[in-house]
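Report on the following structure.
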Number of protein chains: 2
Amino acid sequence: MTGPLFAAIEAGGTKMVLGIGSADGSIKQATVPTRGPDETLADMASFFAASPPVAAIGVASFGPLDLDPASPGFGRILPSAKTAWVGVDLLGAARAMVGGVPGAIDTDVNGAALAEARAAGCRDLAYVTVGTGIGVGLVVNGGPVHGAAHPEGGHVLLRRHPAHDGFAGICPMHHDCIEGLASGPAIKAAWGASLGELALDHVAWEVEADYLAQLCAAIILMTAPERIVLGGGVMGQARLLGPIRDRAAALLAGYGRGTDRARLDSRIVPPISREPPGLVGAYLLAASAT
Amino acid sequence: MTGPLFAAIEAGGTKMVLGIGSADGSIKQATVPTRGPDETLADMASFFAASPPVAAIGVASFGPLDLDPASPGFGRILPSAKTAWVGVDLLGAARAMVGGVPGAIDTDVNGAALAEARAAGCRDLAYVTVGTGIGVGLVVNGGPVHGAAHPEGGHVLLRRHPAHDGFAGICPMHHDCIEGLASGPAIKAAWGASLGELALDHVAWEVEADYLAQLCAAIILMTAPERIVLGGGVMGQARLLGPIRDRAAALLAGYGRGTDRARLDSRIVPPISREPPGLVGAYLLAASAT
C-alpha cells in the first residue's frame, strides 16, 4: 500500500459497503444493512471509528442526490420513495465519521463508471446497473456527467416488446421506461419469477435482452462511449450478454463506427473492477477531494 | 475587434459559410454552394486568399468525420451518401487555404453546441439541428462529446406516433429513427408537403412535436443538459416549440429536476447566437487550436 489511506462508502438501498484503502484495493471492508438513517449511520460510524485515520472520504450513493455544489442542500438525498432518507446530509455525515476530512459525493453509477473507466483505461464509458432499479452512470472526456441535475438514464423510454403487451410496467412515473419494464422487480411482476428461475427458452430472456439492447443503442447513439459496462443483480445472468449484443447490433444496423456485432463483444461488457465498482469509485472520489 | 483574427468554415451539405473574425463577430462573411469538392474548395480558397491573414482556422463540418487524433485519416470525411466528398481531408485543405496556420475540426452540431453554450453561459448543452438531416451536438462539462467515434443522436430510435402508422421512414439504415421519421425530407415523404405548407390543424404538426419531444426527453434523461437548443430549417416553424415542450413534460412526467412544463420554457429553446451557431463554433474551434 503506497500513498494516502482513504475511506469509501458505496451507499445502496439494501446495503452500505464500507472500505478503508484506495482505488488499488481495500485493506479493510465491511457491509452494513441499510435500514433507517439513524441506526444505519451509527453502524457506519462504528466501523470508521475503529479504523485508521484517512486523508479523505468518498461516497458513491443511491439517489436522487443534490449534486449542485452551489445548492444549500449539496450532498443531501432528494425526495424519492426512500422517504426516511430524504434530506439526509450523507456527505456531511460521512465526513463527520472520519474526523471532518475532505469528502466528495457522486451517484453510485457515476462512481462505478469512474472505477470501470480507470480499470479499462477509457475516457468515455457508461456503467449500467440492472437490479432493483436501473441506473446509468456516464464518464465523458474523463469526467463524470452531472448536467443540470443528474441524468436518469434508467428512465429512458423504450419501444415495448410485442411479447410484453398488456404488462403495465412498474415505474410509478413512466410505466414503460426501462426501469419500469426491465428492472429485477419488473421481471418478477411480468413473469412471476426472476430470470434465473425461468426456463432458458422462456420469452422473458428475449424481452430482457431487447430492452437492454435498446438502452445500449441509445447510449451509443447519444454519447458513443468506448465501453458500456453492464452490472447489477440481473446481469448476474451472464448469458444475457450475447443476446444483448446481437440485438444492439441489429438495432444499430451498422451505423456509426464500432457498432458491428464483432466489435460489440468488447464494447458491451461485464465489470472488470476487482472490488465492487461503486466502492472503487468512492475511493476515486475521495482521492479527488484532497 | 480585439484579439487575433481567425478563419471559420461552417461546412454544410448545401452551402459552406465562410468567415473572418472571431466568436464575437465576423468582419467578413461569404457563402459558397456545396458542389463537388474540387470546385467548392477552389471557391473557398479564393475567399480566404482575398482576406487578411489569420492566427488559426476552425471547421465545423457535416459528417461523418474522422475525429480520432490518433487516426491517419484525422480530419477527413468518412464514407456516407455524399460519395464525392468521402476521404476529402477537409481540415488539411482548410489549413492550406490560410497559409498552413493551426486548425481544428469538429462536427457542425458540436460546433453549434459550443457556440450556444458560450452564448448562454452553460457547461452542459445539447444542440439539435432539424433540417435535411437531424443531428445532435453535445457539450458536457464544457467540452464537446466525441466518444469512441462521434455520437449520432439523430438516429435515436423512437416510438412511432399512431398517426404515422404505415409510413416506412426514410433512413436507409433504421427506417424509423428520428432522422428517418422527423427530418425535413421525412415530413415531405409522409405528408407530401413541408410543415409550413400544411394547415395548422394537420396532424403532421402533432407528430413532429411528439418525435422531437421524444428526442428531448431522451437527451434530458441521458445527459441532463441545462439547455437543449433546437435549430435547423424545420425549426424555422417556431410554433413547434410550445407543443414540443408540452409533450416532453408529459413524457418526463415530472421525473428529475427541471423537467416541469414551466422550466422547459427556458430549457428547450431556439438558438441565441447572433451569427450562425456553426460558424461561431468554428471560430471557437480556431481559437482552441492556437
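Quick note on naming: the chains in the C-alpha cells go A, B, ... in the order shown, residues restart at 1 in each chain, and ligands are numbered from 1 in order of appearance.
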
Using only C-alpha atoms and a cut-off of 10 Å, which residues of chain B sit close to chain A? Please list them as a PyMOL selection string.
chain B and resi 64+66+78+122-125+136-141+143-160+172-174+177+214+217-227+250-258

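In this model, the gap between atom CA of Gly12 of chain A and atom CA of Arg76 of chain A comes to 14.5 Å.
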
Contacts of Leu18 of chain B within 8 Å, only C-alpha atoms, excl. fewer than 3 positions in-chain, as a VMD selection string
chain B and resid 7 to 10 29 to 32 44 47 279

Save the residues we just selected, N, CA, C and O atoms, as an mmCIF file, in the first residue's frame?
data_model
loop_
_atom_site.group_PDB
_atom_site.id
_atom_site.type_symbol
_atom_site.label_atom_id
_atom_site.label_comp_id
_atom_site.auth_asym_id
_atom_site.auth_seq_id
_atom_site.Cartn_x
_atom_site.Cartn_y
_atom_site.Cartn_z
ATOM 1 N N ALA B 7 -10.059 32.390 -39.015
ATOM 2 C CA ALA B 7 -10.890 31.980 -40.146
ATOM 3 C C ALA B 7 -11.829 30.882 -39.663
ATOM 4 O O ALA B 7 -11.460 30.074 -38.818
ATOM 5 N N ALA B 8 -13.060 30.890 -40.207
ATOM 6 C CA ALA B 8 -14.059 29.906 -39.786
ATOM 7 C C ALA B 8 -14.795 29.362 -40.999
ATOM 8 O O ALA B 8 -15.099 30.101 -41.938
ATOM 9 N N ILE B 9 -15.062 28.057 -40.957
ATOM 10 C CA ILE B 9 -15.844 27.408 -42.019
ATOM 11 C C ILE B 9 -16.945 26.584 -41.362
ATOM 12 O O ILE B 9 -16.662 25.702 -40.551
ATOM 13 N N GLU B 10 -18.193 26.910 -41.726
ATOM 14 C CA GLU B 10 -19.299 26.016 -41.379
ATOM 15 C C GLU B 10 -19.621 25.247 -42.649
ATOM 16 O O GLU B 10 -20.188 25.787 -43.599
ATOM 17 N N GLN B 29 -17.865 37.872 -44.295
ATOM 18 C CA GLN B 29 -18.544 36.574 -44.362
ATOM 19 C C GLN B 29 -18.972 36.306 -45.795
ATOM 20 O O GLN B 29 -19.301 37.247 -46.531
ATOM 21 N N ALA B 30 -18.962 35.055 -46.204
ATOM 22 C CA ALA B 30 -19.424 34.702 -47.543
ATOM 23 C C ALA B 30 -20.018 33.305 -47.512
ATOM 24 O O ALA B 30 -19.763 32.535 -46.591
ATOM 25 N N THR B 31 -20.816 33.017 -48.531
ATOM 26 C CA THR B 31 -21.422 31.687 -48.640
ATOM 27 C C THR B 31 -21.108 31.121 -50.016
ATOM 28 O O THR B 31 -21.209 31.823 -51.026
ATOM 29 N N VAL B 32 -20.712 29.858 -50.037
ATOM 30 C CA VAL B 32 -20.369 29.179 -51.281
ATOM 31 C C VAL B 32 -21.257 27.930 -51.360
ATOM 32 O O VAL B 32 -21.339 27.179 -50.383
ATOM 33 N N MET B 44 -13.756 28.378 -52.034
ATOM 34 C CA MET B 44 -13.442 28.714 -50.641
ATOM 35 C C MET B 44 -12.036 29.315 -50.558
ATOM 36 O O MET B 44 -11.806 30.315 -49.861
ATOM 37 N N PHE B 47 -11.906 32.988 -51.511
ATOM 38 C CA PHE B 47 -12.372 33.884 -50.448
ATOM 39 C C PHE B 47 -11.254 34.157 -49.448
ATOM 40 O O PHE B 47 -10.960 35.313 -49.109
ATOM 41 N N LEU B 279 -20.984 28.578 -37.447
ATOM 42 C CA LEU B 279 -19.874 29.468 -37.791
ATOM 43 C C LEU B 279 -19.195 29.985 -36.530
ATOM 44 O O LEU B 279 -17.964 30.005 -36.429
#

Excluding Ser183 of chain B and its own-chain neighbours fewer than 6 positions away, which residues fall within 9 Å of it when counting only C-alpha atoms? Please give them as number ranges by chain.
B: 130-134, 170, 208, 234

For Leu181 of chain A, which residue out of A:Ala204, A:Tyr211, A:Pro271, A:Ile105 is the nearest one, using only C-alpha atoms?
A:Tyr211

For atom CA of Ala49 of chain A and atom CA of Asp108 of chain A, the interatomic separation in Å (one decimal):
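Separation between atom CA of Ala49 of chain A and atom CA of Asp108 of chain A: 23.6 Å.
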
Skip Ile272 of chain B itself and residues of its chain fewer than 3 positions away, then list as a PDB file with N, CA, C and O atoms, in the first residue's frame all residues within 9 Å of it, counting only C-alpha atoms.
ATOM      1  N   GLU B 116     -23.476  27.920 -28.683  1.00  0.00           N
ATOM      2  CA  GLU B 116     -24.650  28.202 -27.859  1.00  0.00           C
ATOM      3  C   GLU B 116     -24.317  28.096 -26.363  1.00  0.00           C
ATOM      4  O   GLU B 116     -24.868  28.838 -25.549  1.00  0.00           O
ATOM      5  N   ALA B 119     -22.695  31.339 -25.543  1.00  0.00           N
ATOM      6  CA  ALA B 119     -23.660  32.441 -25.541  1.00  0.00           C
ATOM      7  C   ALA B 119     -24.553  32.398 -24.299  1.00  0.00           C
ATOM      8  O   ALA B 119     -24.931  33.431 -23.748  1.00  0.00           O
ATOM      9  N   ALA B 120     -24.899  31.190 -23.858  1.00  0.00           N
ATOM     10  CA  ALA B 120     -25.835  31.056 -22.722  1.00  0.00           C
ATOM     11  C   ALA B 120     -25.106  30.930 -21.390  1.00  0.00           C
ATOM     12  O   ALA B 120     -25.744  30.937 -20.335  1.00  0.00           O
ATOM     13  N   VAL B 229     -30.932  23.270 -27.410  1.00  0.00           N
ATOM     14  CA  VAL B 229     -31.199  24.286 -28.412  1.00  0.00           C
ATOM     15  C   VAL B 229     -31.656  23.592 -29.689  1.00  0.00           C
ATOM     16  O   VAL B 229     -30.977  22.702 -30.196  1.00  0.00           O
ATOM     17  N   VAL B 269     -35.079  25.444 -26.193  1.00  0.00           N
ATOM     18  CA  VAL B 269     -35.074  26.837 -26.658  1.00  0.00           C
ATOM     19  C   VAL B 269     -34.510  26.961 -28.075  1.00  0.00           C
ATOM     20  O   VAL B 269     -33.802  26.077 -28.551  1.00  0.00           O
ATOM     21  N   GLU B 275     -24.685  35.084 -34.915  1.00  0.00           N
ATOM     22  CA  GLU B 275     -24.352  34.601 -36.251  1.00  0.00           C
ATOM     23  C   GLU B 275     -24.702  33.112 -36.272  1.00  0.00           C
ATOM     24  O   GLU B 275     -25.028  32.542 -35.238  1.00  0.00           O
ATOM     25  N   PRO B 277     -24.824  29.492 -35.536  1.00  0.00           N
ATOM     26  CA  PRO B 277     -24.098  28.840 -34.429  1.00  0.00           C
ATOM     27  C   PRO B 277     -22.911  28.002 -34.913  1.00  0.00           C
ATOM     28  O   PRO B 277     -21.864  27.990 -34.254  1.00  0.00           O
TER      29      PRO B 277
END

Can you measure atom CA of Ala190 of chain B to atom CA of Gly166 of chain B for me? One decimal in Å is fine.
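These two atoms are separated by 9.5 Å.
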
Test item: residues at most 9 Å from Pro52 of chain A, only C-alpha atoms, excluding those fewer than 3 positions along its chain, as a list in words
Leu5, Ile20, Phe48 and Ala49 of chain A

Skipping near chain neighbours, those fewer than 2 positions away, what residues fall within 12 Å of Gly73 of chain B using only C-alpha atoms, listed as a list in words?
Leu65, Asp66, Leu67, Asp68, Pro69, Ala70, Ser71, Gly75, Arg76, Ile77, Leu78, Pro79, Val86, Gly87, Val88, Asp89, Leu90, Leu91 and Gly92 of chain B

Write out as a PyMOL selection string all residues of segment 104-148 of chain B that DSSP puts in strand (DSSP E) for this structure's backbone.
chain B and resi 104-107+125-130+134-140+143-144

Let's see if you can do this: from backbone DSSP, list all alpha helix (DSSP H) residues in segment 11-257 of chain A, as an NGL selection string.
:A and (37-49 or 90-97 or 108-120 or 178-182 or 184-191 or 203-223 or 241-252)
